[in-house]
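*Asks:* For reference, the file final30.txt (compact mmCIF, C-alpha atoms) is included below:
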# COMPACT_ATOMS: atom_id res chain seq x y z
CA MET A 1 5.93 5.31 -26.05
CA HIS A 2 4.99 8.72 -27.40
CA TRP A 3 3.06 10.14 -30.26
CA VAL A 4 3.41 13.11 -32.52
CA ARG A 5 0.90 15.89 -32.60
CA HIS A 6 0.38 17.91 -35.73
CA VAL A 7 0.18 21.62 -35.03
CA GLY A 8 -0.86 24.26 -37.54
CA GLY A 9 1.15 24.57 -40.78
CA GLY A 10 2.66 21.13 -40.61
CA ALA A 11 4.88 21.88 -37.59
CA LEU A 12 5.43 18.89 -35.37
CA GLU A 13 5.22 19.11 -31.64
CA TYR A 14 6.80 16.07 -30.10
CA GLY A 15 6.09 14.08 -27.12
CA PHE A 16 2.98 14.41 -25.07
CA MET A 17 2.52 11.64 -22.60
CA GLN A 18 -0.72 10.44 -21.08
CA ILE A 19 -0.24 9.61 -17.39
CA HIS A 20 -2.83 8.01 -15.12
CA VAL A 21 -2.68 9.69 -11.71
CA LEU A 22 -4.07 8.44 -8.39
CA PHE A 23 -4.40 10.07 -4.97
CA PHE A 24 -5.16 8.23 -1.74
CA GLY A 25 -6.27 9.01 1.81
CA GLN A 26 -5.70 12.55 2.93
CA LEU A 27 -4.29 13.51 -0.48
CA ARG A 28 -7.49 12.38 -2.20
CA GLU A 29 -9.47 14.52 0.23
CA ILE A 30 -7.27 17.57 -0.42
CA THR A 31 -7.46 17.30 -4.20
CA GLY A 32 -10.94 15.87 -4.49
CA VAL A 33 -9.37 13.63 -7.14
CA ALA A 34 -9.23 9.86 -6.72
CA GLN A 35 -7.87 9.32 -10.22
CA GLU A 36 -7.60 11.12 -13.52
CA ASP A 37 -5.49 11.29 -16.67
CA ALA A 38 -2.90 14.03 -17.07
CA GLU A 39 -0.97 15.09 -20.15
CA LEU A 40 2.71 15.87 -19.67
CA SER A 41 5.60 16.75 -21.95
CA GLU A 42 7.99 14.04 -22.92
CA GLY A 43 10.81 13.68 -20.42
CA ALA A 44 8.75 14.79 -17.43
CA ARG A 45 9.50 13.22 -14.07
CA VAL A 46 7.36 12.30 -11.09
CA ASP A 47 8.20 15.58 -9.34
CA ASP A 48 7.09 17.60 -12.40
CA LEU A 49 3.71 15.92 -12.16
CA PHE A 50 3.50 16.65 -8.44
CA GLU A 51 4.45 20.31 -8.98
CA ARG A 52 1.61 20.66 -11.42
CA TYR A 53 -0.86 19.40 -8.81
CA GLY A 54 0.86 21.55 -6.19
CA ARG A 55 0.00 24.65 -8.22
CA ARG A 56 -3.60 23.50 -8.53
CA PHE A 57 -3.88 22.47 -4.86
CA PRO A 58 -1.33 24.52 -2.83
CA LYS A 59 -2.06 22.58 0.35
CA LEU A 60 -0.47 19.49 -1.22
CA GLU A 61 2.96 21.12 -0.88
CA ASP A 62 2.71 20.91 2.92
CA PHE A 63 2.72 17.13 2.60
CA ARG A 64 5.58 16.76 0.11
CA GLY A 65 8.03 15.47 2.75
CA SER A 66 5.78 12.67 3.94
CA ILE A 67 4.51 11.50 0.56
CA ALA A 68 5.82 8.40 -1.20
CA THR A 69 5.25 7.90 -4.90
CA SER A 70 4.80 4.86 -7.07
CA VAL A 71 5.09 4.28 -10.79
CA ASN A 72 3.19 1.30 -12.16
CA GLN A 73 2.53 0.02 -8.64
CA GLU A 74 6.18 0.02 -7.56
CA TYR A 75 7.69 2.56 -5.14
CA ALA A 76 9.61 5.11 -7.15
CA ASP A 77 11.97 8.01 -6.67
CA TRP A 78 10.73 11.56 -7.31
CA ARG A 79 13.27 11.82 -10.13
CA THR A 80 11.86 8.82 -12.03
CA LYS A 81 11.27 9.66 -15.68
CA LEU A 82 7.77 8.92 -16.88
CA ALA A 83 6.56 7.23 -20.04
CA SER A 84 3.20 7.48 -21.70
CA GLY A 85 0.71 5.08 -20.16
CA ASP A 86 2.42 5.07 -16.76
CA GLU A 87 0.28 4.92 -13.64
CA VAL A 88 1.56 7.28 -10.94
CA ALA A 89 0.21 7.34 -7.39
CA PHE A 90 0.83 9.78 -4.54
CA LEU A 91 0.78 7.89 -1.26
CA PRO A 92 0.44 9.49 2.17
CA PRO A 93 2.04 7.70 5.16
CA VAL A 94 0.63 4.18 5.27
CA SER A 95 -1.30 2.95 8.30
CA GLY A 96 -2.50 -0.56 7.58
CA GLY A 97 -2.63 -3.25 10.22
CA MET B 1 7.52 -16.45 -5.63
CA ALA B 2 4.88 -16.87 -3.00
CA HIS B 3 3.91 -20.46 -2.26
CA SER B 4 0.88 -21.46 -4.29
CA ASP B 5 -0.98 -22.48 -1.12
CA ASP B 6 -0.52 -19.03 0.42
CA LEU B 7 -3.64 -16.96 0.93
CA ILE B 8 -3.25 -13.26 0.14
CA LEU B 9 -6.48 -11.28 0.29
CA LEU B 10 -8.09 -7.89 0.71
CA VAL B 11 -11.69 -8.33 1.85
CA ARG B 12 -14.67 -6.16 2.74
CA GLU B 13 -16.51 -8.70 4.85
CA LYS B 14 -15.69 -9.89 8.38
CA ILE B 15 -12.54 -11.98 8.69
CA ASP B 16 -13.06 -15.42 10.21
CA THR B 17 -9.68 -16.05 11.85
CA ARG B 18 -10.55 -19.54 13.07
CA ALA B 19 -11.63 -20.62 9.60
CA LEU B 20 -8.36 -19.27 8.15
CA VAL B 21 -6.29 -21.20 10.67
CA ALA B 22 -8.25 -24.39 9.99
CA LYS B 23 -7.77 -23.90 6.25
CA LEU B 24 -4.00 -23.45 6.55
CA LYS B 25 -3.13 -26.22 8.99
CA ALA B 26 -1.87 -29.43 7.40
CA PRO B 27 -0.67 -32.79 8.76
CA GLU B 28 3.00 -32.03 8.01
CA ASP B 29 2.90 -28.88 10.21
CA GLY B 30 3.85 -28.87 13.85
CA ALA B 31 3.19 -25.21 14.60
CA VAL B 32 0.88 -22.39 13.65
CA VAL B 33 1.31 -18.76 14.74
CA VAL B 34 -1.53 -16.27 14.31
CA PHE B 35 -1.47 -12.50 14.53
CA ASP B 36 -4.97 -11.05 14.76
CA GLY B 37 -5.11 -7.26 14.72
CA PHE B 38 -8.45 -5.75 15.71
CA VAL B 39 -10.01 -2.34 16.24
CA ARG B 40 -9.16 -0.71 19.59
CA ASN B 41 -11.79 1.42 21.31
CA ASN B 42 -9.48 4.39 21.98
CA PHE B 43 -6.66 6.47 20.56
CA LYS B 44 -4.62 8.82 22.77
CA GLY B 45 -7.42 8.96 25.33
CA GLN B 46 -10.17 9.61 22.82
CA ARG B 47 -12.97 7.10 22.40
CA THR B 48 -12.94 5.66 18.89
CA LEU B 49 -16.33 5.14 17.25
CA TYR B 50 -15.23 3.16 14.21
CA LEU B 51 -12.51 3.02 11.54
CA GLU B 52 -12.41 3.15 7.78
CA TYR B 53 -9.65 1.51 5.76
CA GLU B 54 -8.86 2.20 2.12
CA SER B 55 -6.19 0.79 -0.16
CA TYR B 56 -4.43 1.10 -3.48
CA GLU B 57 -5.56 -2.43 -4.09
CA ALA B 58 -3.52 -3.44 -7.14
CA MET B 59 -0.29 -2.27 -5.51
CA ALA B 60 -1.30 -3.70 -2.12
CA TYR B 61 -1.74 -7.14 -3.65
CA ALA B 62 1.64 -6.86 -5.37
CA LYS B 63 3.35 -5.83 -2.12
CA MET B 64 1.64 -8.54 -0.05
CA ARG B 65 2.77 -11.16 -2.57
CA GLU B 66 6.31 -9.77 -2.37
CA ILE B 67 6.24 -10.05 1.42
CA ALA B 68 5.02 -13.65 1.19
CA ALA B 69 7.82 -14.51 -1.24
CA GLU B 70 10.36 -12.87 1.05
CA ILE B 71 9.01 -14.86 4.03
CA HIS B 72 9.47 -18.13 2.17
CA ALA B 73 13.00 -17.14 1.16
CA LYS B 74 13.98 -16.17 4.72
CA PHE B 75 12.18 -18.65 6.97
CA PRO B 76 11.53 -22.41 6.70
CA VAL B 77 7.74 -22.05 6.89
CA HIS B 78 5.08 -24.05 5.10
CA ARG B 79 2.18 -21.71 4.34
CA LEU B 80 1.20 -18.12 4.96
CA ALA B 81 -2.12 -16.30 5.06
CA MET B 82 -2.19 -12.51 4.95
CA VAL B 83 -5.68 -11.00 4.95
CA HIS B 84 -6.56 -7.33 5.41
CA ARG B 85 -10.05 -5.94 5.63
CA LEU B 86 -11.12 -2.65 3.98
CA GLY B 87 -14.12 -0.38 4.45
CA ARG B 88 -15.85 0.43 7.74
CA LEU B 89 -14.84 -1.59 10.81
CA GLU B 90 -16.46 -1.52 14.23
CA ILE B 91 -14.67 -1.77 17.59
CA GLY B 92 -13.36 -5.29 18.20
CA GLU B 93 -13.53 -6.37 14.57
CA THR B 94 -10.45 -7.88 12.98
CA SER B 95 -8.64 -5.63 10.50
CA VAL B 96 -5.70 -7.89 9.68
CA VAL B 97 -4.74 -11.52 10.16
CA ILE B 98 -1.41 -13.22 9.56
CA VAL B 99 -1.27 -17.01 9.85
CA VAL B 100 1.99 -18.93 9.42
CA THR B 101 2.43 -22.69 9.54
CA SER B 102 5.73 -24.51 9.92
CA ALA B 103 7.25 -27.68 11.28
CA HIS B 104 8.67 -25.94 14.37
CA ARG B 105 7.67 -22.90 16.38
CA ALA B 106 10.67 -20.59 15.95
CA ALA B 107 10.28 -20.11 12.20
CA ALA B 108 6.54 -19.50 12.49
CA PHE B 109 6.96 -16.88 15.26
CA GLU B 110 9.70 -15.00 13.42
CA ALA B 111 7.95 -15.13 10.06
CA CYS B 112 4.67 -13.91 11.51
CA ARG B 113 6.37 -10.96 13.21
CA HIS B 114 8.28 -10.10 10.05
CA ALA B 115 5.12 -10.30 7.95
CA ILE B 116 3.03 -7.90 10.05
CA ASP B 117 5.92 -5.45 10.59
CA THR B 118 6.68 -5.32 6.88
CA LEU B 119 3.01 -5.05 5.92
CA LYS B 120 2.66 -1.95 8.11
CA ARG B 121 5.60 -0.22 6.41
CA VAL B 122 5.13 -1.24 2.82
CA VAL B 123 1.54 -2.14 1.89
CA PRO B 124 -0.47 0.90 0.71
CA ILE B 125 -3.40 0.84 3.11
CA TRP B 126 -4.76 3.85 5.04
CA LYS B 127 -6.84 4.08 8.18
CA LYS B 128 -9.19 6.90 9.11
CA GLU B 129 -10.30 7.04 12.73
CA TYR B 130 -13.71 8.41 13.65
CA PHE B 131 -14.26 10.00 17.07
CA ALA B 132 -17.21 11.81 18.60
CA GLY B 133 -15.47 15.10 17.75
CA GLY B 134 -14.52 14.30 14.16
CA ALA B 135 -12.19 12.13 12.13
CA VAL B 136 -8.44 11.95 11.51
CA TRP B 137 -6.19 9.95 9.22
CA ALA B 138 -3.92 7.77 11.35
CA GLU B 139 -0.35 8.99 11.65
CA GLY B 140 1.40 6.37 9.62
CA GLU B 141 4.91 5.77 8.40
CA LYS B 142 6.22 7.21 5.18
CA ALA B 143 5.43 4.44 2.75
CA GLY B 144 7.98 2.11 1.25
CA GLN B 145 11.10 3.72 2.71
CA GLU B 146 12.65 0.31 3.03
CA ALA B 147 11.87 -0.70 -0.54
CA ILE B 148 13.31 2.53 -1.88
CA SER B 149 16.52 2.44 0.12
CA ARG B 150 17.02 -1.20 -0.88
CA ARG B 151 16.70 -0.25 -4.53
CA ASN B 152 19.17 2.65 -4.15
CA GLU B 153 21.67 0.36 -2.49
CA SER B 154 21.49 -2.11 -5.31
CA THR B 155 22.11 0.58 -7.92
CA SER B 156 24.95 2.37 -6.14
Would you write the structure of this file as structure tokens?

*Replies:*
Amino acid sequence: MHWVRHVGGGALEYGFMQIHVLFFGQLREITGVAQEDAELSEGARVDDLFERYGRRFPKLEDFRGSIATSVNQEYADWRTKLASGDEVAFLPPVSGG
Amino acid sequence: MAHSDDLILLVREKIDTRALVAKLKAPEDGAVVVFDGFVRNNFKGQRTLYLEYESYEAMAYAKMREIAAEIHAKFPVHRLAMVHRLGRLEIGETSVVIVVTSAHRAAAFEACRHAIDTLKRVVPIWKKEYFAGGAVWAEGEKAGQEAISRRNESTS
């Protein structure tokens, strides 16, 4: 799902997606963000979203190799394409039990 | 699908393992196997003060239900309880309990082992350990590796 945004003299700018983003454990502590909404361009993937947070919180990049991601509560590949309304989580190594 | 009598829960209060076992046992069972994981008082020689667990609860429930369904598909067991506690836990308190009932012991042992091993790899739960000198997030396993590789296999 996407919507159309009207910009200035009738020009149409397509495709902004609203994504709900969650951070857990150590990643929540690094970002200070437990959850928030982010706006991304149509066609963006999970790794685009992560890169955006990586620019805002450079320390996140150190953890890239150990992080798993999920889209709508299912483990997902970094290359997964996002859709508006998706819930994306960044998950540090799990340690339940 | 998980069996409708299965008990899949995330809780913030103390887990009563005995009560869980009593609740699961039924006359048609001949065996029950219980795994009770509780808070150890040390980590790599340091004295642990207490632990804190947090979870991505919606996804954790989904993954625990998937594990239960997989257990029923793989092993001839009757019922399964999988309960994990969140929040602050003191030394000696139970963090996780797996209870499996079956007609015979082999299936219950194997299913119980499979359930706890899979839970530790797949269910999004995190543990922070508090010591006298500070706190650290437990060194866990990269989440969901198994689930992801399984998906890639099925699409290749």

*Asks:* Residues of chain A within 7 Å of chain B, counting all atoms listed in the file - could you list those as JSON, numbers by chain?

*Replies:* {"A": [25, 26, 66, 67, 68, 73, 75, 76, 92, 93, 94, 95, 96, 97]}

*Asks:* Which one is closest to Glu61 (chain A): A:Val33, A:Val88, A:Leu27, A:Leu82? Count all atoms listed in the file.

*Replies:*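 Residue with the minimum atom-to-atom distance to Glu61 (chain A): A:Leu27.
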
*Asks:* List the spatial neighbours of region 64-75 of chain B as a PyMOL selection string - criterion: any atom at most 9 Å away, only C-alpha atoms, same-chain residues fewer than 2 positions off excluded.

*Replies:* chain B and resi 1-3+6+8-9+59-62+77-82+107-108+110-112+114-115+118-119+122-123

*Asks:* Pick out the closest residue to Ala38 (chain A) from this set: A:Ser84, A:Phe24, A:Glu74, A:Leu91. Count only C-alpha atoms.

*Replies:*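 Selected residue with least distance to Ala38 (chain A): A:Ser84.
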
*Asks:* Figure out the distance between CA of Phe109 (chain B) and CA of Pro27 (chain B), please, to one decimal in Å.

*Replies:* 18.8 Å

*Asks:* Could you please determine the separation between CA of Lys44 (chain B) and CA of Glu129 (chain B) in Å, to one decimal place?

*Replies:*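 Calculated distance between CA of Lys44 (chain B) and CA of Glu129 (chain B) is 11.7 Å.
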
*Asks:* Please compute the CA of Asn72 (chain A)-CA of Arg12 (chain B) distance, one decimal, in Å.

*Replies:*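 Distance between the two atoms: 24.4 Å.
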
*Asks:* Give the answer as one residue: which of A:Leu60, A:Met17, A:Leu22, A:Ala34 has the shortest atom-to-atom distance to Ala83 (chain A), using only C-alpha atoms?

*Replies:*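 Once distances to Ala83 (chain A) are computed over only C-alpha atoms, the minimum belongs to A:Met17.
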
*Asks:* Since fewer atoms than expected are present, regenerate N, CA and C atoms for region 48-76 of chain B and write them as a PDB file, keeping the file's coordinate frame.

*Replies:*
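As written to disk, rebuild06.pdb reads:
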ATOM      1  N   THR B  48     -12.754   5.903  20.327  1.00  0.00           N
ATOM      2  CA  THR B  48     -12.940   5.660  18.890  1.00  0.00           C
ATOM      3  C   THR B  48     -14.343   5.124  18.648  1.00  0.00           C
ATOM      4  N   LEU B  49     -15.005   5.644  17.598  1.00  0.00           N
ATOM      5  CA  LEU B  49     -16.330   5.140  17.250  1.00  0.00           C
ATOM      6  C   LEU B  49     -16.233   3.986  16.255  1.00  0.00           C
ATOM      7  N   TYR B  50     -15.475   4.215  15.204  1.00  0.00           N
ATOM      8  CA  TYR B  50     -15.230   3.160  14.210  1.00  0.00           C
ATOM      9  C   TYR B  50     -14.072   3.594  13.328  1.00  0.00           C
ATOM     10  N   LEU B  51     -13.604   2.704  12.460  1.00  0.00           N
ATOM     11  CA  LEU B  51     -12.510   3.020  11.540  1.00  0.00           C
ATOM     12  C   LEU B  51     -12.939   2.771  10.100  1.00  0.00           C
ATOM     13  N   GLU B  52     -12.248   3.464   9.194  1.00  0.00           N
ATOM     14  CA  GLU B  52     -12.410   3.150   7.780  1.00  0.00           C
ATOM     15  C   GLU B  52     -11.042   2.937   7.167  1.00  0.00           C
ATOM     16  N   TYR B  53     -10.904   1.818   6.444  1.00  0.00           N
ATOM     17  CA  TYR B  53      -9.650   1.510   5.760  1.00  0.00           C
ATOM     18  C   TYR B  53      -9.855   1.626   4.257  1.00  0.00           C
ATOM     19  N   GLU B  54      -8.850   2.227   3.585  1.00  0.00           N
ATOM     20  CA  GLU B  54      -8.860   2.200   2.120  1.00  0.00           C
ATOM     21  C   GLU B  54      -7.494   1.742   1.629  1.00  0.00           C
ATOM     22  N   SER B  55      -7.425   1.356   0.378  1.00  0.00           N
ATOM     23  CA  SER B  55      -6.190   0.790  -0.160  1.00  0.00           C
ATOM     24  C   SER B  55      -6.022   1.099  -1.635  1.00  0.00           C
ATOM     25  N   TYR B  56      -4.779   1.116  -2.055  1.00  0.00           N
ATOM     26  CA  TYR B  56      -4.430   1.100  -3.480  1.00  0.00           C
ATOM     27  C   TYR B  56      -4.319  -0.390  -3.784  1.00  0.00           C
ATOM     28  N   GLU B  57      -5.446  -0.971  -4.165  1.00  0.00           N
ATOM     29  CA  GLU B  57      -5.560  -2.430  -4.090  1.00  0.00           C
ATOM     30  C   GLU B  57      -4.588  -3.181  -4.999  1.00  0.00           C
ATOM     31  N   ALA B  58      -4.415  -2.718  -6.231  1.00  0.00           N
ATOM     32  CA  ALA B  58      -3.520  -3.440  -7.140  1.00  0.00           C
ATOM     33  C   ALA B  58      -2.101  -3.471  -6.579  1.00  0.00           C
ATOM     34  N   MET B  59      -1.649  -2.326  -6.058  1.00  0.00           N
ATOM     35  CA  MET B  59      -0.290  -2.270  -5.510  1.00  0.00           C
ATOM     36  C   MET B  59      -0.218  -3.037  -4.194  1.00  0.00           C
ATOM     37  N   ALA B  60      -1.285  -2.981  -3.396  1.00  0.00           N
ATOM     38  CA  ALA B  60      -1.300  -3.700  -2.120  1.00  0.00           C
ATOM     39  C   ALA B  60      -1.161  -5.199  -2.342  1.00  0.00           C
ATOM     40  N   TYR B  61      -1.876  -5.719  -3.345  1.00  0.00           N
ATOM     41  CA  TYR B  61      -1.740  -7.140  -3.650  1.00  0.00           C
ATOM     42  C   TYR B  61      -0.308  -7.472  -4.060  1.00  0.00           C
ATOM     43  N   ALA B  62       0.266  -6.609  -4.909  1.00  0.00           N
ATOM     44  CA  ALA B  62       1.640  -6.860  -5.370  1.00  0.00           C
ATOM     45  C   ALA B  62       2.602  -6.874  -4.182  1.00  0.00           C
ATOM     46  N   LYS B  63       2.442  -5.920  -3.269  1.00  0.00           N
ATOM     47  CA  LYS B  63       3.350  -5.830  -2.120  1.00  0.00           C
ATOM     48  C   LYS B  63       3.147  -6.999  -1.152  1.00  0.00           C
ATOM     49  N   MET B  64       1.890  -7.405  -0.952  1.00  0.00           N
ATOM     50  CA  MET B  64       1.640  -8.540  -0.050  1.00  0.00           C
ATOM     51  C   MET B  64       2.244  -9.824  -0.629  1.00  0.00           C
ATOM     52  N   ARG B  65       2.156  -9.975  -1.941  1.00  0.00           N
ATOM     53  CA  ARG B  65       2.770 -11.160  -2.570  1.00  0.00           C
ATOM     54  C   ARG B  65       4.281 -11.119  -2.433  1.00  0.00           C
ATOM     55  N   GLU B  66       4.860  -9.909  -2.550  1.00  0.00           N
ATOM     56  CA  GLU B  66       6.310  -9.770  -2.370  1.00  0.00           C
ATOM     57  C   GLU B  66       6.720 -10.159  -0.945  1.00  0.00           C
ATOM     58  N   ILE B  67       5.926  -9.725   0.019  1.00  0.00           N
ATOM     59  CA  ILE B  67       6.240 -10.050   1.420  1.00  0.00           C
ATOM     60  C   ILE B  67       6.186 -11.568   1.612  1.00  0.00           C
ATOM     61  N   ALA B  68       5.150 -12.193   1.049  1.00  0.00           N
ATOM     62  CA  ALA B  68       5.020 -13.650   1.190  1.00  0.00           C
ATOM     63  C   ALA B  68       6.232 -14.363   0.573  1.00  0.00           C
ATOM     64  N   ALA B  69       6.657 -13.886  -0.587  1.00  0.00           N
ATOM     65  CA  ALA B  69       7.820 -14.510  -1.240  1.00  0.00           C
ATOM     66  C   ALA B  69       9.066 -14.335  -0.381  1.00  0.00           C
ATOM     67  N   GLU B  70       9.196 -13.148   0.199  1.00  0.00           N
ATOM     68  CA  GLU B  70      10.360 -12.870   1.050  1.00  0.00           C
ATOM     69  C   GLU B  70      10.338 -13.779   2.289  1.00  0.00           C
ATOM     70  N   ILE B  71       9.149 -13.986   2.854  1.00  0.00           N
ATOM     71  CA  ILE B  71       9.010 -14.860   4.030  1.00  0.00           C
ATOM     72  C   ILE B  71       9.495 -16.281   3.697  1.00  0.00           C
ATOM     73  N   HIS B  72       9.056 -16.773   2.542  1.00  0.00           N
ATOM     74  CA  HIS B  72       9.470 -18.130   2.170  1.00  0.00           C
ATOM     75  C   HIS B  72      10.977 -18.222   1.925  1.00  0.00           C
ATOM     76  N   ALA B  73      11.555 -17.138   1.418  1.00  0.00           N
ATOM     77  CA  ALA B  73      13.000 -17.140   1.160  1.00  0.00           C
ATOM     78  C   ALA B  73      13.798 -17.093   2.465  1.00  0.00           C
ATOM     79  N   LYS B  74      13.224 -16.403   3.481  1.00  0.00           N
ATOM     80  CA  LYS B  74      13.980 -16.170   4.720  1.00  0.00           C
ATOM     81  C   LYS B  74      13.754 -17.213   5.806  1.00  0.00           C
ATOM     82  N   PHE B  75      12.544 -17.770   5.850  1.00  0.00           N
ATOM     83  CA  PHE B  75      12.180 -18.650   6.970  1.00  0.00           C
ATOM     84  C   PHE B  75      11.672 -19.992   6.446  1.00  0.00           C
ATOM     85  N   PRO B  76      12.011 -21.085   7.129  1.00  0.00           N
ATOM     86  CA  PRO B  76      11.530 -22.410   6.700  1.00  0.00           C
ATOM     87  C   PRO B  76      10.080 -22.633   7.144  1.00  0.00           C
TER      88      PRO B  76
END
